[in-house]
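With PDB, C-alpha atoms, pLDDT in the B column inside, this is final05.pdb:
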```pdb
ATOM      1  CA  MET A   1       9.739  -4.767 -34.748  1.00 69.00           C
ATOM      2  CA  PRO A   2      10.642  -5.866 -31.204  1.00 74.00           C
ATOM      3  CA  VAL A   3       7.867  -6.531 -28.740  1.00 70.00           C
ATOM      4  CA  LYS A   4       7.631  -4.059 -25.874  1.00 66.00           C
ATOM      5  CA  ARG A   5       8.116  -5.742 -22.511  1.00 62.00           C
ATOM      6  CA  ARG A   6       5.504  -4.901 -19.949  1.00 59.00           C
ATOM      7  CA  THR A   7       5.674  -5.199 -16.215  1.00 52.00           C
ATOM      8  CA  SER A   8       3.192  -7.729 -14.956  1.00 55.00           C
ATOM      9  CA  LYS A   9       0.218  -6.486 -12.966  1.00 54.00           C
ATOM     10  CA  LYS A  10       1.445  -8.427  -9.938  1.00 57.00           C
ATOM     11  CA  HIS A  11       4.839  -6.698 -10.015  1.00 62.00           C
ATOM     12  CA  ARG A  12       3.231  -3.265 -10.400  1.00 63.00           C
ATOM     13  CA  LEU A  13       0.977  -3.935  -7.401  1.00 62.00           C
ATOM     14  CA  LEU A  14       3.906  -5.148  -5.322  1.00 67.00           C
ATOM     15  CA  ALA A  15       5.915  -2.041  -6.229  1.00 72.00           C
ATOM     16  CA  GLN A  16       2.984   0.163  -5.289  1.00 81.00           C
ATOM     17  CA  MET A  17       2.449  -1.811  -2.084  1.00 82.00           C
ATOM     18  CA  SER A  18       5.978  -1.036  -0.912  1.00 84.00           C
ATOM     19  CA  ARG A  19       5.010   2.659  -0.943  1.00 89.00           C
ATOM     20  CA  TRP A  20       1.909   2.000   1.187  1.00 91.00           C
ATOM     21  CA  GLU A  21       3.552  -0.323   3.750  1.00 91.00           C
ATOM     22  CA  ASP A  22       4.388   2.306   6.384  1.00 92.00           C
ATOM     23  CA  LEU A  23       0.916   3.781   6.282  1.00 93.00           C
ATOM     24  CA  PHE A  24      -0.712   0.331   6.482  1.00 94.00           C
ATOM     25  CA  GLU A  25       1.578  -0.741   9.321  1.00 94.00           C
ATOM     26  CA  TYR A  26       1.840   2.408  11.464  1.00 93.00           C
ATOM     27  CA  GLY A  27      -0.689   4.932  10.137  1.00 94.00           C
ATOM     28  CA  HIS A  28       2.096   7.320   9.161  1.00 93.00           C
ATOM     29  CA  ASP A  29       4.168   7.820   5.996  1.00 91.00           C
ATOM     30  CA  TRP A  30       7.638   7.943   7.579  1.00 90.00           C
ATOM     31  CA  PHE A  31       9.656   8.265   4.360  1.00 90.00           C
ATOM     32  CA  GLY A  32       7.520  10.610   2.256  1.00 88.00           C
ATOM     33  CA  ASP A  33       6.294   7.925  -0.137  1.00 85.00           C
ATOM     34  CA  HIS A  34       3.092   9.918  -0.646  1.00 85.00           C
ATOM     35  CA  ILE A  35       5.050  12.238  -2.933  1.00 87.00           C
ATOM     36  CA  GLU A  36       6.161   9.340  -5.153  1.00 85.00           C
ATOM     37  CA  LEU A  37       2.514   8.244  -5.422  1.00 83.00           C
ATOM     38  CA  GLY A  38       1.470  11.742  -6.500  1.00 84.00           C
ATOM     39  CA  TYR A  39      -0.051  12.991  -3.241  1.00 87.00           C
ATOM     40  CA  CYS A  40       0.684  16.503  -1.984  1.00 90.00           C
ATOM     41  CA  SER A  41       0.274  15.523   1.666  1.00 90.00           C
ATOM     42  CA  GLU A  42      -0.011  12.515   3.921  1.00 90.00           C
ATOM     43  CA  ALA A  43      -3.632  13.529   4.629  1.00 92.00           C
ATOM     44  CA  GLU A  44      -4.480  13.024   0.938  1.00 91.00           C
ATOM     45  CA  MET A  45      -2.832   9.610   1.039  1.00 90.00           C
ATOM     46  CA  LYS A  46      -4.821   8.674   4.148  1.00 93.00           C
ATOM     47  CA  ALA A  47      -8.040   9.694   2.384  1.00 92.00           C
ATOM     48  CA  ASP A  48      -7.319   7.050  -0.287  1.00 90.00           C
ATOM     49  CA  ALA A  49      -6.061   4.473   2.208  1.00 92.00           C
ATOM     50  CA  PRO A  50      -9.352   2.487   2.449  1.00 92.00           C
ATOM     51  CA  GLU A  51      -9.360   1.893  -1.313  1.00 89.00           C
ATOM     52  CA  ALA A  52      -5.651   1.017  -1.351  1.00 90.00           C
ATOM     53  CA  TRP A  53      -6.159  -1.329   1.595  1.00 92.00           C
ATOM     54  CA  SER A  54      -9.010  -3.137  -0.168  1.00 89.00           C
ATOM     55  CA  VAL A  55      -6.776  -3.711  -3.215  1.00 87.00           C
ATOM     56  CA  LEU A  56      -3.356  -4.250  -1.592  1.00 91.00           C
ATOM     57  CA  GLY A  57      -4.207  -5.367   1.946  1.00 92.00           C
ATOM     58  CA  SER A  58      -4.267  -9.109   1.303  1.00 90.00           C
ATOM     59  CA  THR A  59      -0.850  -8.976  -0.354  1.00 88.00           C
ATOM     60  CA  PHE A  60       0.482  -6.802   2.468  1.00 91.00           C
ATOM     61  CA  LEU A  61      -0.714  -9.287   5.109  1.00 91.00           C
ATOM     62  CA  ALA A  62       0.718 -12.258   3.195  1.00 89.00           C
ATOM     63  CA  ASN A  63       4.175 -10.638   2.820  1.00 87.00           C
ATOM     64  CA  ARG A  64       4.386  -8.889   6.189  1.00 87.00           C
ATOM     65  CA  GLN A  65       7.710  -9.377   7.991  1.00 84.00           C
ATOM     66  CA  THR A  66       7.049  -7.582  11.302  1.00 83.00           C
ATOM     67  CA  GLN A  67       5.028  -8.329  14.419  1.00 86.00           C
ATOM     68  CA  GLY A  68       2.576  -6.151  16.267  1.00 89.00           C
ATOM     69  CA  PRO A  69      -0.635  -4.290  15.555  1.00 92.00           C
ATOM     70  CA  ILE A  70      -1.527  -3.161  12.043  1.00 94.00           C
ATOM     71  CA  TRP A  71      -3.017   0.322  11.751  1.00 95.00           C
ATOM     72  CA  ALA A  72      -4.961  -0.346   8.533  1.00 95.00           C
ATOM     73  CA  LEU A  73      -6.429  -3.588   9.869  1.00 94.00           C
ATOM     74  CA  ALA A  74      -7.649  -1.778  12.993  1.00 95.00           C
ATOM     75  CA  GLN A  75      -9.022   1.171  10.973  1.00 95.00           C
ATOM     76  CA  PHE A  76     -10.580  -0.618   7.998  1.00 94.00           C
ATOM     77  CA  GLY A  77     -10.977  -4.270   8.957  1.00 93.00           C
ATOM     78  CA  GLU A  78     -10.117  -7.233   6.768  1.00 91.00           C
ATOM     79  CA  PRO A  79      -9.134  -6.197   3.211  1.00 89.00           C
ATOM     80  CA  ALA A  80     -11.966  -8.162   1.559  1.00 75.00           C
ATOM     81  CA  ARG A  81     -14.591  -6.364   3.706  1.00 54.00           C
ATOM     82  CA  CYS A  82     -13.223  -2.874   3.094  1.00 51.00           C
ATOM     83  CA  GLN A  83     -15.499  -1.458   0.398  1.00 48.00           C
TER
END
```
Produce structure tokens that represent the structure in this file.
Amino acid sequence: MPVKRRTSKKHRLLAQMSRWEDLFEYGHDWFGDHIELGYCSEAEMKADAPEAWSVLGSTFLANRQTQGPIWALAQFGEPARCQ
């Protein structure tokens, strides 16, 4: 029987991170990604943002392509300290 291929944890986190990028960067979900993550509203997504930032924030900062202030960094601090 063939072995089922699984997506690596890193790839799943990176895919999830792409849905959180706008909120982390600007504090607003410009493209409605909250729906794809299972949230009914942006407010629900923002309520879970500290937890998402603590898990995905380091990767977001390492892969960031833009300049300027970061909403999540200003709101929650460094990802490792956000607990």
Next item on the list: List the residues matched by the PyMOL selection byres ((chain A and resi 70) around 7) in the displayed structure as a list in words, ordered by chain and then by residue number.
Entry: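 The output of the PyMOL selection byres ((chain A and resi 70) around 7) on this file is Phe24, Glu25, Tyr26, Gly68, Pro69, Trp71, Ala72, Leu73 and Ala74 of chain A.
Candidate residues A:Gly77, A:Arg19, A:Gly57, A:Gly27 were compared for distance to Tyr39 in chain A, and the nearest is A:Arg19, using only C-alpha atoms.
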Item checked: Pick from A:Phe31, A:Phe60, A:Pro50, A:Met45, whichever lies nearest to Ala15 in chain A using all atoms listed in the file ->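 Residue with the minimum atom-to-atom distance to Ala15 in chain A: A:Phe60.
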Check: Using all atoms listed in the file, which of the listed residues (A:Asp33, A:Lys46, A:Gln75, A:Cys40) sits closest to Met17 in chain A?
Finding: A:Asp33
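CA of Pro79 in chain A to CA of Val55 in chain A spans 7.3 Å [interatomic distance, one decimal].
Going from CA of Trp30 in chain A over to CA of Glu42 in chain A, you cover 9.6 Å.
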Check: Which residue out of A:Leu23, A:Pro2, A:Gly32, A:Thr59 has the minimum interatomic distance to Ala47 in chain A when only C-alpha atoms are used?
Finding: A:Leu23
Check: What separation in Å, quoted to one decimal, exists between CA of Ser41 in chain A and CA of Ala62 in chain A?
Finding: 27.8 Å
Checklist line | Top pick for closest residue to Trp20 in chain A, considering A:Trp53, A:Leu61, A:Ala80, A:Ala43 and counting all atoms listed in the file | finding: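 Smallest separation from Trp20 in chain A among the options: A:Trp53.
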Next item on the list: Using all atoms listed in the file, pick whichever of A:Asp29, A:Glu36, A:Glu44, A:Glu78 has the shortest atom-to-atom distance to Leu56 in chain A.
Entry: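 Once distances to Leu56 in chain A are computed over all atoms listed in the file, the minimum belongs to A:Glu78.
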Please report, as lines of an AutoDock Vina configuration file, the centre and edge lengths in Å to one decimal of an axis-aligned box covering all listed atoms of range 25-41 of chain A with 4 Å per side.
```
center_x = 4.5
center_y = 7.9
center_z = 2.5
size_x = 18.3
size_y = 25.2
size_z = 26.0
```
Starting from the incomplete input, reconstruct all heavy atoms of range 18-29 of chain A and write that as an mmCIF file, in the coordinates of the input.
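The resulting file, rebuild.cif, is shown below:
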```
data_model
loop_
_atom_site.group_PDB
_atom_site.id
_atom_site.type_symbol
_atom_site.label_atom_id
_atom_site.label_comp_id
_atom_site.auth_asym_id
_atom_site.auth_seq_id
_atom_site.Cartn_x
_atom_site.Cartn_y
_atom_site.Cartn_z
ATOM 1 N N SER A 18 4.826 -1.434 -1.722
ATOM 2 C CA SER A 18 5.978 -1.036 -0.912
ATOM 3 C C SER A 18 5.886 0.436 -0.495
ATOM 4 O O SER A 18 6.409 0.816 0.538
ATOM 5 C CB SER A 18 7.284 -1.301 -1.660
ATOM 6 O OG SER A 18 7.428 -0.412 -2.743
ATOM 7 N N ARG A 19 5.193 1.248 -1.283
ATOM 8 C CA ARG A 19 5.010 2.659 -0.943
ATOM 9 C C ARG A 19 3.922 2.857 0.118
ATOM 10 O O ARG A 19 3.912 3.858 0.812
ATOM 11 C CB ARG A 19 4.654 3.464 -2.192
ATOM 12 C CG ARG A 19 5.666 3.301 -3.308
ATOM 13 C CD ARG A 19 6.321 4.566 -3.652
ATOM 14 N NE ARG A 19 7.302 4.666 -4.677
ATOM 15 C CZ ARG A 19 8.027 3.769 -5.272
ATOM 16 N NH1 ARG A 19 7.886 2.520 -4.980
ATOM 17 N NH2 ARG A 19 8.930 4.069 -6.172
ATOM 18 N N TRP A 20 3.009 1.910 0.219
ATOM 19 C CA TRP A 20 1.909 2.000 1.187
ATOM 20 C C TRP A 20 2.225 1.298 2.514
ATOM 21 O O TRP A 20 1.501 1.463 3.494
ATOM 22 C CB TRP A 20 0.643 1.375 0.598
ATOM 23 C CG TRP A 20 -0.035 2.222 -0.424
ATOM 24 C CD1 TRP A 20 0.148 2.177 -1.775
ATOM 25 C CD2 TRP A 20 -0.997 3.245 -0.187
ATOM 26 N NE1 TRP A 20 -0.636 3.098 -2.385
ATOM 27 C CE2 TRP A 20 -1.362 3.777 -1.439
ATOM 28 C CE3 TRP A 20 -1.585 3.763 0.961
ATOM 29 C CZ2 TRP A 20 -2.290 4.799 -1.573
ATOM 30 C CZ3 TRP A 20 -2.516 4.780 0.817
ATOM 31 C CH2 TRP A 20 -2.861 5.291 -0.425
ATOM 32 N N GLU A 21 3.283 0.516 2.579
ATOM 33 C CA GLU A 21 3.552 -0.323 3.750
ATOM 34 C C GLU A 21 3.582 0.441 5.069
ATOM 35 O O GLU A 21 2.992 0.002 6.046
ATOM 36 C CB GLU A 21 4.855 -1.095 3.570
ATOM 37 C CG GLU A 21 4.716 -2.283 2.670
ATOM 38 C CD GLU A 21 6.020 -3.033 2.484
ATOM 39 O OE1 GLU A 21 7.108 -2.435 2.682
ATOM 40 O OE2 GLU A 21 5.950 -4.217 2.131
ATOM 41 N N ASP A 22 4.293 1.557 5.123
ATOM 42 C CA ASP A 22 4.388 2.306 6.384
ATOM 43 C C ASP A 22 3.023 2.803 6.842
ATOM 44 O O ASP A 22 2.707 2.739 8.030
ATOM 45 C CB ASP A 22 5.347 3.487 6.264
ATOM 46 C CG ASP A 22 6.802 3.075 6.283
ATOM 47 O OD1 ASP A 22 7.080 1.944 6.734
ATOM 48 O OD2 ASP A 22 7.642 3.863 5.844
ATOM 49 N N LEU A 23 2.240 3.297 5.911
ATOM 50 C CA LEU A 23 0.916 3.781 6.282
ATOM 51 C C LEU A 23 0.044 2.626 6.759
ATOM 52 O O LEU A 23 -0.647 2.741 7.777
ATOM 53 C CB LEU A 23 0.246 4.502 5.117
ATOM 54 C CG LEU A 23 -1.048 5.215 5.497
ATOM 55 C CD1 LEU A 23 -0.745 6.421 6.379
ATOM 56 C CD2 LEU A 23 -1.818 5.647 4.276
ATOM 57 N N PHE A 24 0.069 1.503 6.056
ATOM 58 C CA PHE A 24 -0.712 0.331 6.482
ATOM 59 C C PHE A 24 -0.264 -0.144 7.865
ATOM 60 O O PHE A 24 -1.082 -0.470 8.712
ATOM 61 C CB PHE A 24 -0.556 -0.819 5.495
ATOM 62 C CG PHE A 24 -1.257 -0.632 4.179
ATOM 63 C CD1 PHE A 24 -0.970 -1.461 3.118
ATOM 64 C CD2 PHE A 24 -2.201 0.364 3.980
ATOM 65 C CE1 PHE A 24 -1.604 -1.323 1.902
ATOM 66 C CE2 PHE A 24 -2.838 0.525 2.763
ATOM 67 C CZ PHE A 24 -2.541 -0.327 1.717
ATOM 68 N N GLU A 25 1.025 -0.192 8.075
ATOM 69 C CA GLU A 25 1.578 -0.741 9.321
ATOM 70 C C GLU A 25 1.391 0.208 10.510
ATOM 71 O O GLU A 25 0.939 -0.205 11.570
ATOM 72 C CB GLU A 25 3.067 -1.016 9.122
ATOM 73 C CG GLU A 25 3.718 -1.750 10.273
ATOM 74 C CD GLU A 25 3.522 -3.245 10.199
ATOM 75 O OE1 GLU A 25 3.471 -3.801 9.100
ATOM 76 O OE2 GLU A 25 3.430 -3.862 11.272
ATOM 77 N N TYR A 26 1.753 1.476 10.337
ATOM 78 C CA TYR A 26 1.840 2.408 11.464
ATOM 79 C C TYR A 26 0.861 3.576 11.424
ATOM 80 O O TYR A 26 0.747 4.313 12.394
ATOM 81 C CB TYR A 26 3.259 2.985 11.554
ATOM 82 C CG TYR A 26 4.328 1.930 11.535
ATOM 83 C CD1 TYR A 26 5.148 1.763 10.433
ATOM 84 C CD2 TYR A 26 4.507 1.078 12.628
ATOM 85 C CE1 TYR A 26 6.132 0.788 10.406
ATOM 86 C CE2 TYR A 26 5.482 0.085 12.608
ATOM 87 C CZ TYR A 26 6.286 -0.051 11.500
ATOM 88 O OH TYR A 26 7.243 -1.020 11.471
ATOM 89 N N GLY A 27 0.216 3.794 10.263
ATOM 90 C CA GLY A 27 -0.689 4.932 10.137
ATOM 91 C C GLY A 27 0.032 6.234 9.846
ATOM 92 O O GLY A 27 -0.533 7.313 9.950
ATOM 93 N N HIS A 28 1.299 6.131 9.453
ATOM 94 C CA HIS A 28 2.096 7.320 9.161
ATOM 95 C C HIS A 28 3.057 7.012 8.011
ATOM 96 O O HIS A 28 3.629 5.931 7.950
ATOM 97 C CB HIS A 28 2.886 7.745 10.391
ATOM 98 C CG HIS A 28 3.665 9.005 10.201
ATOM 99 N ND1 HIS A 28 3.073 10.237 10.054
ATOM 100 C CD2 HIS A 28 4.995 9.209 10.099
ATOM 101 C CE1 HIS A 28 4.021 11.153 9.896
ATOM 102 N NE2 HIS A 28 5.191 10.545 9.916
ATOM 103 N N ASP A 29 3.245 7.957 7.120
ATOM 104 C CA ASP A 29 4.168 7.820 5.996
ATOM 105 C C ASP A 29 5.531 8.362 6.422
ATOM 106 O O ASP A 29 5.827 9.539 6.253
ATOM 107 C CB ASP A 29 3.609 8.583 4.788
ATOM 108 C CG ASP A 29 4.519 8.506 3.589
ATOM 109 O OD1 ASP A 29 5.366 7.607 3.526
ATOM 110 O OD2 ASP A 29 4.376 9.373 2.708
#
```
